[in-house]
Amino acid sequence: ARGVVPGANDNGTAVVTLLALARRFAAAPPQGVRVILLSTGSEESFSEGMKAFGERHFASLSRESTFFLCLESIGSPHLLVLRGEGFLKIRQYPRRALALMDGLAEELGIWLYPNLRLHNGTDGLEAAAAGYETAVLAGCTDLKQPANYHWSHDLAENVDFDTLADAVSLSEAAVRRLGERWL
């Protein structure tokens, strides 16, 4: 009934974060960890991109030493770490993954919107359901919704760049801390 939305927040902000991380890691590679920066497409197509990645690669990725950090609409006013998500049943994210992200946010002085769960699914749901330690870094408004979600005004000028910068910093810190964990 309408045209495709621009998708600056959902999920251009995740792509910007991946590019920023690629630059930072090229300049100063993290120790003790192999990093795969992956953009799988949209969860709106029932996570087809993440499912395809999983079909090709989950069998070769150790569940003991693989961590998925998924990024979703992180240009909203508030940053958060999803506590759980799912369509019919909420799948809680692993406590260890949540503690890692919460602790790093506290160390960096980044406030996280507390205790949100999602009755939909991000790509993180696929990794978690496959048994991987997973965290989803996302964003929301005061109304607990992603900003401009699926609207024609999901434009770059409506992205909260301070939140986006915090997401980049927190993501980088998570990767580097995971490298320390597995050294």
# chains A, B, ... in the order shown; residues from 1 in each chain; ligands from 1
>>> residues_around(residues="range 92-103 of chain A", least_positions_apart="6", cutoff="12 Å", atoms="only C-alpha atoms", output="PDB file with N, CA and C atoms, in the first residue's frame")
ATOM      1  N   THR A  66      31.732 -18.963  20.801  1.00  0.00           N
ATOM      2  CA  THR A  66      31.150 -18.027  19.840  1.00  0.00           C
ATOM      3  C   THR A  66      30.127 -17.166  20.559  1.00  0.00           C
ATOM      4  N   PHE A  67      30.199 -15.884  20.304  1.00  0.00           N
ATOM      5  CA  PHE A  67      29.288 -14.914  20.906  1.00  0.00           C
ATOM      6  C   PHE A  67      28.686 -14.094  19.780  1.00  0.00           C
ATOM      7  N   PHE A  68      27.378 -13.976  19.756  1.00  0.00           N
ATOM      8  CA  PHE A  68      26.689 -13.130  18.786  1.00  0.00           C
ATOM      9  C   PHE A  68      26.241 -11.856  19.476  1.00  0.00           C
ATOM     10  N   LEU A  69      26.640 -10.720  18.923  1.00  0.00           N
ATOM     11  CA  LEU A  69      26.145  -9.426  19.367  1.00  0.00           C
ATOM     12  C   LEU A  69      25.360  -8.843  18.207  1.00  0.00           C
ATOM     13  N   CYS A  70      24.057  -8.792  18.344  1.00  0.00           N
ATOM     14  CA  CYS A  70      23.183  -8.315  17.281  1.00  0.00           C
ATOM     15  C   CYS A  70      22.782  -6.870  17.573  1.00  0.00           C
ATOM     16  N   LEU A  79      19.469   3.556  24.438  1.00  0.00           N
ATOM     17  CA  LEU A  79      20.110   2.280  24.156  1.00  0.00           C
ATOM     18  C   LEU A  79      19.625   1.257  25.174  1.00  0.00           C
ATOM     19  N   LEU A  80      19.542  -0.002  24.766  1.00  0.00           N
ATOM     20  CA  LEU A  80      19.112  -1.068  25.670  1.00  0.00           C
ATOM     21  C   LEU A  80      19.730  -2.383  25.247  1.00  0.00           C
ATOM     22  N   VAL A  81      19.741  -3.311  26.161  1.00  0.00           N
ATOM     23  CA  VAL A  81      20.099  -4.692  25.876  1.00  0.00           C
ATOM     24  C   VAL A  81      18.837  -5.499  26.139  1.00  0.00           C
ATOM     25  N   LEU A  82      18.316  -6.129  25.072  1.00  0.00           N
ATOM     26  CA  LEU A  82      17.085  -6.914  25.231  1.00  0.00           C
ATOM     27  C   LEU A  82      17.292  -8.028  26.248  1.00  0.00           C
ATOM     28  N   ARG A  83      16.339  -8.207  27.127  1.00  0.00           N
ATOM     29  CA  ARG A  83      16.400  -9.272  28.124  1.00  0.00           C
ATOM     30  C   ARG A  83      15.896 -10.587  27.542  1.00  0.00           C
ATOM     31  N   GLY A  84      15.034 -10.494  26.545  1.00  0.00           N
ATOM     32  CA  GLY A  84      14.492 -11.681  25.903  1.00  0.00           C
ATOM     33  C   GLY A  84      13.590 -11.270  24.757  1.00  0.00           C
ATOM     34  N   GLU A  85      13.231 -12.244  23.932  1.00  0.00           N
ATOM     35  CA  GLU A  85      12.328 -11.967  22.820  1.00  0.00           C
ATOM     36  C   GLU A  85      11.739 -13.259  22.297  1.00  0.00           C
ATOM     37  N   GLY A  86      10.700 -13.111  21.506  1.00  0.00           N
ATOM     38  CA  GLY A  86      10.081 -14.265  20.874  1.00  0.00           C
ATOM     39  C   GLY A  86       8.641 -13.989  20.499  1.00  0.00           C
ATOM     40  N   GLY A 109      29.900   4.333  31.431  1.00  0.00           N
ATOM     41  CA  GLY A 109      28.983   5.416  31.775  1.00  0.00           C
ATOM     42  C   GLY A 109      27.829   5.563  30.793  1.00  0.00           C
ATOM     43  N   ILE A 110      27.441   4.453  30.184  1.00  0.00           N
ATOM     44  CA  ILE A 110      26.340   4.456  29.214  1.00  0.00           C
ATOM     45  C   ILE A 110      25.090   3.943  29.916  1.00  0.00           C
ATOM     46  N   TRP A 111      24.052   4.776  29.943  1.00  0.00           N
ATOM     47  CA  TRP A 111      22.786   4.366  30.545  1.00  0.00           C
ATOM     48  C   TRP A 111      22.025   3.476  29.574  1.00  0.00           C
ATOM     49  N   LEU A 112      21.512   2.361  30.074  1.00  0.00           N
ATOM     50  CA  LEU A 112      20.706   1.444  29.281  1.00  0.00           C
ATOM     51  C   LEU A 112      19.264   1.465  29.778  1.00  0.00           C
ATOM     52  N   TYR A 113      18.327   1.585  28.852  1.00  0.00           N
ATOM     53  CA  TYR A 113      16.911   1.486  29.201  1.00  0.00           C
ATOM     54  C   TYR A 113      16.705   0.102  29.797  1.00  0.00           C
ATOM     55  N   PRO A 114      16.107   0.002  30.984  1.00  0.00           N
ATOM     56  CA  PRO A 114      16.106  -1.281  31.692  1.00  0.00           C
ATOM     57  C   PRO A 114      14.994  -2.250  31.279  1.00  0.00           C
ATOM     58  N   ASN A 115      15.318  -3.527  31.352  1.00  0.00           N
ATOM     59  CA  ASN A 115      14.373  -4.625  31.463  1.00  0.00           C
ATOM     60  C   ASN A 115      13.334  -4.728  30.346  1.00  0.00           C
ATOM     61  N   LEU A 116      13.753  -4.591  29.086  1.00  0.00           N
ATOM     62  CA  LEU A 116      12.785  -4.719  27.991  1.00  0.00           C
ATOM     63  C   LEU A 116      12.899  -6.070  27.307  1.00  0.00           C
ATOM     64  N   ARG A 117      11.747  -6.599  26.949  1.00  0.00           N
ATOM     65  CA  ARG A 117      11.623  -7.812  26.158  1.00  0.00           C
ATOM     66  C   ARG A 117      10.802  -7.466  24.926  1.00  0.00           C
ATOM     67  N   LEU A 118      10.953  -8.263  23.892  1.00  0.00           N
ATOM     68  CA  LEU A 118      10.314  -7.973  22.619  1.00  0.00           C
ATOM     69  C   LEU A 118       9.437  -9.151  22.217  1.00  0.00           C
ATOM     70  N   HIS A 119       8.215  -8.865  21.833  1.00  0.00           N
ATOM     71  CA  HIS A 119       7.304  -9.926  21.389  1.00  0.00           C
ATOM     72  C   HIS A 119       7.373 -10.128  19.882  1.00  0.00           C
ATOM     73  N   GLY A 124      19.004 -11.905  16.602  1.00  0.00           N
ATOM     74  CA  GLY A 124      19.552 -12.523  17.803  1.00  0.00           C
ATOM     75  C   GLY A 124      18.791 -13.761  18.226  1.00  0.00           C
ATOM     76  N   LEU A 125      17.516 -13.790  17.937  1.00  0.00           N
ATOM     77  CA  LEU A 125      16.688 -14.941  18.303  1.00  0.00           C
ATOM     78  C   LEU A 125      17.180 -16.215  17.623  1.00  0.00           C
ATOM     79  N   GLU A 126      17.630 -16.096  16.383  1.00  0.00           N
ATOM     80  CA  GLU A 126      18.133 -17.267  15.641  1.00  0.00           C
ATOM     81  C   GLU A 126      19.382 -17.832  16.297  1.00  0.00           C
ATOM     82  N   ALA A 127      20.323 -16.958  16.643  1.00  0.00           N
ATOM     83  CA  ALA A 127      21.565 -17.410  17.276  1.00  0.00           C
ATOM     84  C   ALA A 127      21.294 -18.002  18.657  1.00  0.00           C
ATOM     85  N   ALA A 128      20.433 -17.352  19.426  1.00  0.00           N
ATOM     86  CA  ALA A 128      20.112 -17.859  20.764  1.00  0.00           C
ATOM     87  C   ALA A 128      19.411 -19.212  20.687  1.00  0.00           C
ATOM     88  N   ALA A 129      18.479 -19.348  19.754  1.00  0.00           N
ATOM     89  CA  ALA A 129      17.762 -20.618  19.608  1.00  0.00           C
ATOM     90  C   ALA A 129      18.707 -21.745  19.194  1.00  0.00           C
ATOM     91  N   GLY A 131      21.617 -22.059  20.379  1.00  0.00           N
ATOM     92  CA  GLY A 131      22.436 -22.379  21.539  1.00  0.00           C
ATOM     93  C   GLY A 131      23.674 -21.530  21.732  1.00  0.00           C
ATOM     94  N   TYR A 132      23.764 -20.408  21.034  1.00  0.00           N
ATOM     95  CA  TYR A 132      24.922 -19.537  21.172  1.00  0.00           C
ATOM     96  C   TYR A 132      24.679 -18.462  22.223  1.00  0.00           C
ATOM     97  N   GLU A 133      25.752 -18.086  22.908  1.00  0.00           N
ATOM     98  CA  GLU A 133      25.680 -16.947  23.815  1.00  0.00           C
ATOM     99  C   GLU A 133      25.415 -15.714  22.945  1.00  0.00           C
ATOM    100  N   THR A 134      24.350 -15.000  23.252  1.00  0.00           N
ATOM    101  CA  THR A 134      23.876 -13.930  22.381  1.00  0.00           C
ATOM    102  C   THR A 134      23.396 -12.754  23.214  1.00  0.00           C
ATOM    103  N   ALA A 135      23.646 -11.554  22.695  1.00  0.00           N
ATOM    104  CA  ALA A 135      23.067 -10.345  23.260  1.00  0.00           C
ATOM    105  C   ALA A 135      22.570  -9.490  22.102  1.00  0.00           C
ATOM    106  N   VAL A 136      21.499  -8.758  22.345  1.00  0.00           N
ATOM    107  CA  VAL A 136      20.954  -7.849  21.337  1.00  0.00           C
ATOM    108  C   VAL A 136      21.022  -6.436  21.898  1.00  0.00           C
ATOM    109  N   LEU A 137      21.784  -5.604  21.214  1.00  0.00           N
ATOM    110  CA  LEU A 137      21.879  -4.187  21.544  1.00  0.00           C
ATOM    111  C   LEU A 137      20.884  -3.474  20.638  1.00  0.00           C
ATOM    112  N   ALA A 138      19.940  -2.777  21.246  1.00  0.00           N
ATOM    113  CA  ALA A 138      18.856  -2.157  20.487  1.00  0.00           C
ATOM    114  C   ALA A 138      18.611  -0.749  21.006  1.00  0.00           C
ATOM    115  N   ALA A 167      26.475   3.093  21.118  1.00  0.00           N
ATOM    116  CA  ALA A 167      26.363   1.710  20.635  1.00  0.00           C
ATOM    117  C   ALA A 167      27.681   1.244  20.028  1.00  0.00           C
ATOM    118  N   SER A 169      30.696   2.398  20.816  1.00  0.00           N
ATOM    119  CA  SER A 169      31.636   2.236  21.934  1.00  0.00           C
ATOM    120  C   SER A 169      31.361   0.970  22.727  1.00  0.00           C
ATOM    121  N   LEU A 170      30.108   0.702  23.011  1.00  0.00           N
ATOM    122  CA  LEU A 170      29.753  -0.494  23.784  1.00  0.00           C
ATOM    123  C   LEU A 170      30.038  -1.762  22.985  1.00  0.00           C
ATOM    124  N   SER A 171      29.761  -1.747  21.699  1.00  0.00           N
ATOM    125  CA  SER A 171      30.046  -2.915  20.858  1.00  0.00           C
ATOM    126  C   SER A 171      31.547  -3.192  20.805  1.00  0.00           C
ATOM    127  N   GLU A 172      32.341  -2.148  20.619  1.00  0.00           N
ATOM    128  CA  GLU A 172      33.792  -2.325  20.595  1.00  0.00           C
ATOM    129  C   GLU A 172      34.291  -2.878  21.932  1.00  0.00           C
ATOM    130  N   ALA A 173      33.797  -2.324  23.014  1.00  0.00           N
ATOM    131  CA  ALA A 173      34.221  -2.792  24.337  1.00  0.00           C
ATOM    132  C   ALA A 173      33.860  -4.261  24.541  1.00  0.00           C
ATOM    133  N   ALA A 174      32.696  -4.664  24.052  1.00  0.00           N
ATOM    134  CA  ALA A 174      32.268  -6.064  24.196  1.00  0.00           C
ATOM    135  C   ALA A 174      33.209  -6.995  23.442  1.00  0.00           C
ATOM    136  N   VAL A 175      33.549  -6.634  22.223  1.00  0.00           N
ATOM    137  CA  VAL A 175      34.451  -7.481  21.436  1.00  0.00           C
ATOM    138  C   VAL A 175      35.810  -7.580  22.123  1.00  0.00           C
ATOM    139  N   ARG A 176      36.328  -6.466  22.574  1.00  0.00           N
ATOM    140  CA  ARG A 176      37.650  -6.489  23.219  1.00  0.00           C
ATOM    141  C   ARG A 176      37.612  -7.276  24.533  1.00  0.00           C
ATOM    142  N   ARG A 177      36.532  -7.150  25.308  1.00  0.00           N
ATOM    143  CA  ARG A 177      36.425  -7.909  26.559  1.00  0.00           C
ATOM    144  C   ARG A 177      36.287  -9.402  26.273  1.00  0.00           C
ATOM    145  N   LEU A 178      35.557  -9.753  25.232  1.00  0.00           N
ATOM    146  CA  LEU A 178      35.451 -11.164  24.865  1.00  0.00           C
ATOM    147  C   LEU A 178      36.825 -11.729  24.483  1.00  0.00           C
ATOM    148  N   ARG A 181      38.543 -12.538  27.576  1.00  0.00           N
ATOM    149  CA  ARG A 181      37.953 -13.727  28.194  1.00  0.00           C
ATOM    150  C   ARG A 181      38.549 -14.993  27.599  1.00  0.00           C
TER     151      ARG A 181
END
>>> select_by_dssp(residues="range 40-70 of chain A", states="strand (DSSP E or B)", output="PyMOL selection string")
chain A and resi 67-70
>>> atom_distance(atom1="CA of Asn9 in chain A", atom2="CA of Val159 in chain A")
6.0 Å
>>> select_by_dssp(residues="range 16-54 of chain A", states="helix (DSSP H, G or I)", output="PDB file with N, CA, C and O atoms, in the first residue's frame")
ATOM      1  N   VAL A  16      26.124   1.248   9.940  1.00  0.00           N
ATOM      2  CA  VAL A  16      27.088   2.283  10.307  1.00  0.00           C
ATOM      3  C   VAL A  16      27.972   1.785  11.450  1.00  0.00           C
ATOM      4  O   VAL A  16      29.192   1.996  11.449  1.00  0.00           O
ATOM      5  N   THR A  17      27.385   1.117  12.418  1.00  0.00           N
ATOM      6  CA  THR A  17      28.160   0.576  13.536  1.00  0.00           C
ATOM      7  C   THR A  17      29.162  -0.459  13.051  1.00  0.00           C
ATOM      8  O   THR A  17      30.323  -0.452  13.475  1.00  0.00           O
ATOM      9  N   LEU A  18      28.739  -1.349  12.161  1.00  0.00           N
ATOM     10  CA  LEU A  18      29.661  -2.354  11.625  1.00  0.00           C
ATOM     11  C   LEU A  18      30.832  -1.693  10.902  1.00  0.00           C
ATOM     12  O   LEU A  18      31.984  -2.115  11.059  1.00  0.00           O
ATOM     13  N   LEU A  19      30.554  -0.652  10.131  1.00  0.00           N
ATOM     14  CA  LEU A  19      31.624   0.061   9.422  1.00  0.00           C
ATOM     15  C   LEU A  19      32.567   0.759  10.404  1.00  0.00           C
ATOM     16  O   LEU A  19      33.795   0.732  10.225  1.00  0.00           O
ATOM     17  N   ALA A  20      32.013   1.368  11.444  1.00  0.00           N
ATOM     18  CA  ALA A  20      32.847   2.022  12.459  1.00  0.00           C
ATOM     19  C   ALA A  20      33.721   0.998  13.175  1.00  0.00           C
ATOM     20  O   ALA A  20      34.908   1.242  13.426  1.00  0.00           O
ATOM     21  N   LEU A  21      33.146  -0.154  13.496  1.00  0.00           N
ATOM     22  CA  LEU A  21      33.922  -1.211  14.153  1.00  0.00           C
ATOM     23  C   LEU A  21      35.015  -1.731  13.232  1.00  0.00           C
ATOM     24  O   LEU A  21      36.142  -1.979  13.673  1.00  0.00           O
ATOM     25  N   ALA A  22      34.713  -1.890  11.962  1.00  0.00           N
ATOM     26  CA  ALA A  22      35.720  -2.357  11.006  1.00  0.00           C
ATOM     27  C   ALA A  22      36.912  -1.401  10.977  1.00  0.00           C
ATOM     28  O   ALA A  22      38.073  -1.843  10.986  1.00  0.00           O
ATOM     29  N   ARG A  23      36.628  -0.111  10.972  1.00  0.00           N
ATOM     30  CA  ARG A  23      37.720   0.881  10.990  1.00  0.00           C
ATOM     31  C   ARG A  23      38.536   0.784  12.271  1.00  0.00           C
ATOM     32  O   ARG A  23      39.764   0.812  12.254  1.00  0.00           O
ATOM     33  N   ARG A  24      37.849   0.698  13.401  1.00  0.00           N
ATOM     34  CA  ARG A  24      38.558   0.633  14.684  1.00  0.00           C
ATOM     35  C   ARG A  24      39.397  -0.637  14.793  1.00  0.00           C
ATOM     36  O   ARG A  24      40.529  -0.610  15.280  1.00  0.00           O
ATOM     37  N   PHE A  25      38.830  -1.758  14.347  1.00  0.00           N
ATOM     38  CA  PHE A  25      39.553  -3.027  14.463  1.00  0.00           C
ATOM     39  C   PHE A  25      40.688  -3.125  13.446  1.00  0.00           C
ATOM     40  O   PHE A  25      41.686  -3.793  13.704  1.00  0.00           O
ATOM     41  N   ALA A  26      40.562  -2.454  12.312  1.00  0.00           N
ATOM     42  CA  ALA A  26      41.671  -2.416  11.350  1.00  0.00           C
ATOM     43  C   ALA A  26      42.830  -1.616  11.930  1.00  0.00           C
ATOM     44  O   ALA A  26      44.000  -1.981  11.754  1.00  0.00           O
ATOM     45  N   ALA A  27      42.510  -0.543  12.638  1.00  0.00           N
ATOM     46  CA  ALA A  27      43.541   0.305  13.234  1.00  0.00           C
ATOM     47  C   ALA A  27      44.173  -0.336  14.465  1.00  0.00           C
ATOM     48  O   ALA A  27      45.374  -0.183  14.705  1.00  0.00           O
ATOM     49  N   GLU A  43      15.060  -8.645   9.577  1.00  0.00           N
ATOM     50  CA  GLU A  43      14.278  -9.620  10.335  1.00  0.00           C
ATOM     51  C   GLU A  43      12.828  -9.624   9.874  1.00  0.00           C
ATOM     52  O   GLU A  43      12.088 -10.560  10.144  1.00  0.00           O
ATOM     53  N   GLU A  44      12.430  -8.571   9.144  1.00  0.00           N
ATOM     54  CA  GLU A  44      11.052  -8.501   8.651  1.00  0.00           C
ATOM     55  C   GLU A  44      10.727  -9.649   7.689  1.00  0.00           C
ATOM     56  O   GLU A  44       9.572 -10.000   7.502  1.00  0.00           O
ATOM     57  N   SER A  45      11.744 -10.227   7.081  1.00  0.00           N
ATOM     58  CA  SER A  45      11.530 -11.380   6.194  1.00  0.00           C
ATOM     59  C   SER A  45      11.729 -12.683   6.974  1.00  0.00           C
ATOM     60  O   SER A  45      12.178 -13.679   6.432  1.00  0.00           O
ATOM     61  N   GLU A  48      15.457 -14.337   7.263  1.00  0.00           N
ATOM     62  CA  GLU A  48      15.990 -15.218   6.219  1.00  0.00           C
ATOM     63  C   GLU A  48      17.505 -15.135   6.104  1.00  0.00           C
ATOM     64  O   GLU A  48      18.166 -16.156   5.922  1.00  0.00           O
ATOM     65  N   GLY A  49      18.055 -13.934   6.203  1.00  0.00           N
ATOM     66  CA  GLY A  49      19.505 -13.785   6.093  1.00  0.00           C
ATOM     67  C   GLY A  49      20.234 -14.485   7.217  1.00  0.00           C
ATOM     68  O   GLY A  49      21.229 -15.184   7.001  1.00  0.00           O
ATOM     69  N   MET A  50      19.753 -14.317   8.439  1.00  0.00           N
ATOM     70  CA  MET A  50      20.391 -14.964   9.585  1.00  0.00           C
ATOM     71  C   MET A  50      20.190 -16.472   9.533  1.00  0.00           C
ATOM     72  O   MET A  50      21.100 -17.238   9.876  1.00  0.00           O
ATOM     73  N   LYS A  51      19.017 -16.899   9.112  1.00  0.00           N
ATOM     74  CA  LYS A  51      18.782 -18.349   8.969  1.00  0.00           C
ATOM     75  C   LYS A  51      19.725 -18.946   7.936  1.00  0.00           C
ATOM     76  O   LYS A  51      20.287 -20.028   8.148  1.00  0.00           O
ATOM     77  N   ALA A  52      19.909 -18.255   6.813  1.00  0.00           N
ATOM     78  CA  ALA A  52      20.826 -18.750   5.780  1.00  0.00           C
ATOM     79  C   ALA A  52      22.259 -18.802   6.304  1.00  0.00           C
ATOM     80  O   ALA A  52      22.989 -19.770   6.055  1.00  0.00           O
ATOM     81  N   PHE A  53      22.679 -17.766   7.044  1.00  0.00           N
ATOM     82  CA  PHE A  53      24.010 -17.783   7.648  1.00  0.00           C
ATOM     83  C   PHE A  53      24.130 -18.985   8.579  1.00  0.00           C
ATOM     84  O   PHE A  53      25.134 -19.705   8.560  1.00  0.00           O
ATOM     85  N   GLY A  54      23.111 -19.191   9.404  1.00  0.00           N
ATOM     86  CA  GLY A  54      23.136 -20.316  10.335  1.00  0.00           C
ATOM     87  C   GLY A  54      23.215 -21.658   9.631  1.00  0.00           C
ATOM     88  O   GLY A  54      23.975 -22.545  10.040  1.00  0.00           O
TER      89      GLY A  54
END
>>> closest_residue(among="A:Ser152, A:Asn11, A:Thr40, A:Ser47", to="Gly75 in chain A", atoms="only C-alpha atoms")
A:Asn11
>>> atom_distance(atom1="CA of Ser76 in chain A", atom2="CA of Ala147 in chain A")
5.0 Å
>>> atom_distance(atom1="CA of Ser60 in chain A", atom2="CA of Ile36 in chain A")
13.6 Å
>>> closest_residue(among="A:Leu108, A:Glu180, A:Pro77, A:Lys89", to="Thr141 in chain A", atoms="only C-alpha atoms")
A:Pro77
>>> residues_around(residues="Asp154 in chain A", least_positions_apart="2", cutoff="8 Å", atoms="only C-alpha atoms", output="PyMOL selection string")
chain A and resi 5-10+147-152+156+158-159
>>> write_last_selection(atoms="N, CA, C and O atoms", output="CSV table (one decimal), in the first residue's frame")
chain,number,residue,atom,x,y,z
A,5,VAL,N,10.3,2.1,3.1
A,5,VAL,CA,10.8,3.2,4.0
A,5,VAL,C,12.3,3.3,3.9
A,5,VAL,O,13.0,2.3,3.6
A,6,PRO,N,12.8,4.5,4.2
A,6,PRO,CA,14.3,4.7,4.1
A,6,PRO,C,15.1,3.8,5.0
A,6,PRO,O,16.2,3.4,4.6
A,7,GLY,N,14.7,3.5,6.2
A,7,GLY,CA,15.4,2.6,7.1
A,7,GLY,C,16.7,3.1,7.7
A,7,GLY,O,17.6,2.4,7.9
A,8,ALA,N,16.8,4.4,8.0
A,8,ALA,CA,18.0,5.0,8.6
A,8,ALA,C,18.3,4.4,10.0
A,8,ALA,O,19.4,3.9,10.3
A,9,ASN,N,17.2,4.3,10.8
A,9,ASN,CA,17.4,3.8,12.1
A,9,ASN,C,17.3,2.2,12.0
A,9,ASN,O,18.1,1.5,12.6
A,10,ASP,N,16.3,1.8,11.3
A,10,ASP,CA,16.0,0.3,11.2
A,10,ASP,C,16.3,-0.1,9.7
A,10,ASP,O,15.5,-0.1,8.9
A,147,ALA,N,12.6,4.1,17.4
A,147,ALA,CA,12.2,5.4,16.8
A,147,ALA,C,11.9,5.3,15.3
A,147,ALA,O,12.7,4.6,14.6
A,148,ASN,N,10.8,5.9,14.9
A,148,ASN,CA,10.5,5.9,13.4
A,148,ASN,C,10.3,4.6,12.8
A,148,ASN,O,10.4,4.5,11.6
A,149,TYR,N,10.0,3.6,13.5
A,149,TYR,CA,10.0,2.2,13.1
A,149,TYR,C,9.0,2.0,11.9
A,149,TYR,O,7.8,2.1,12.1
A,150,HIS,N,9.5,1.7,10.8
A,150,HIS,CA,8.8,1.4,9.6
A,150,HIS,C,7.9,2.6,9.0
A,150,HIS,O,6.9,2.4,8.4
A,151,TRP,N,8.4,3.8,9.3
A,151,TRP,CA,7.7,5.0,8.9
A,151,TRP,C,8.5,5.7,7.8
A,151,TRP,O,9.8,5.6,7.8
A,152,SER,N,7.9,6.5,7.0
A,152,SER,CA,8.6,7.2,6.0
A,152,SER,C,9.6,8.3,6.5
A,152,SER,O,10.5,8.7,5.8
A,156,ALA,N,18.0,9.8,8.1
A,156,ALA,CA,19.2,10.0,8.8
A,156,ALA,C,19.1,11.2,9.7
A,156,ALA,O,19.7,11.2,10.8
A,158,ASN,N,16.8,12.0,11.5
A,158,ASN,CA,16.0,11.6,12.7
A,158,ASN,C,16.7,10.6,13.6
A,158,ASN,O,16.2,10.1,14.6
A,159,VAL,N,17.9,10.3,13.2
A,159,VAL,CA,18.7,9.3,14.0
A,159,VAL,C,19.4,10.1,15.2
A,159,VAL,O,19.8,11.2,15.1
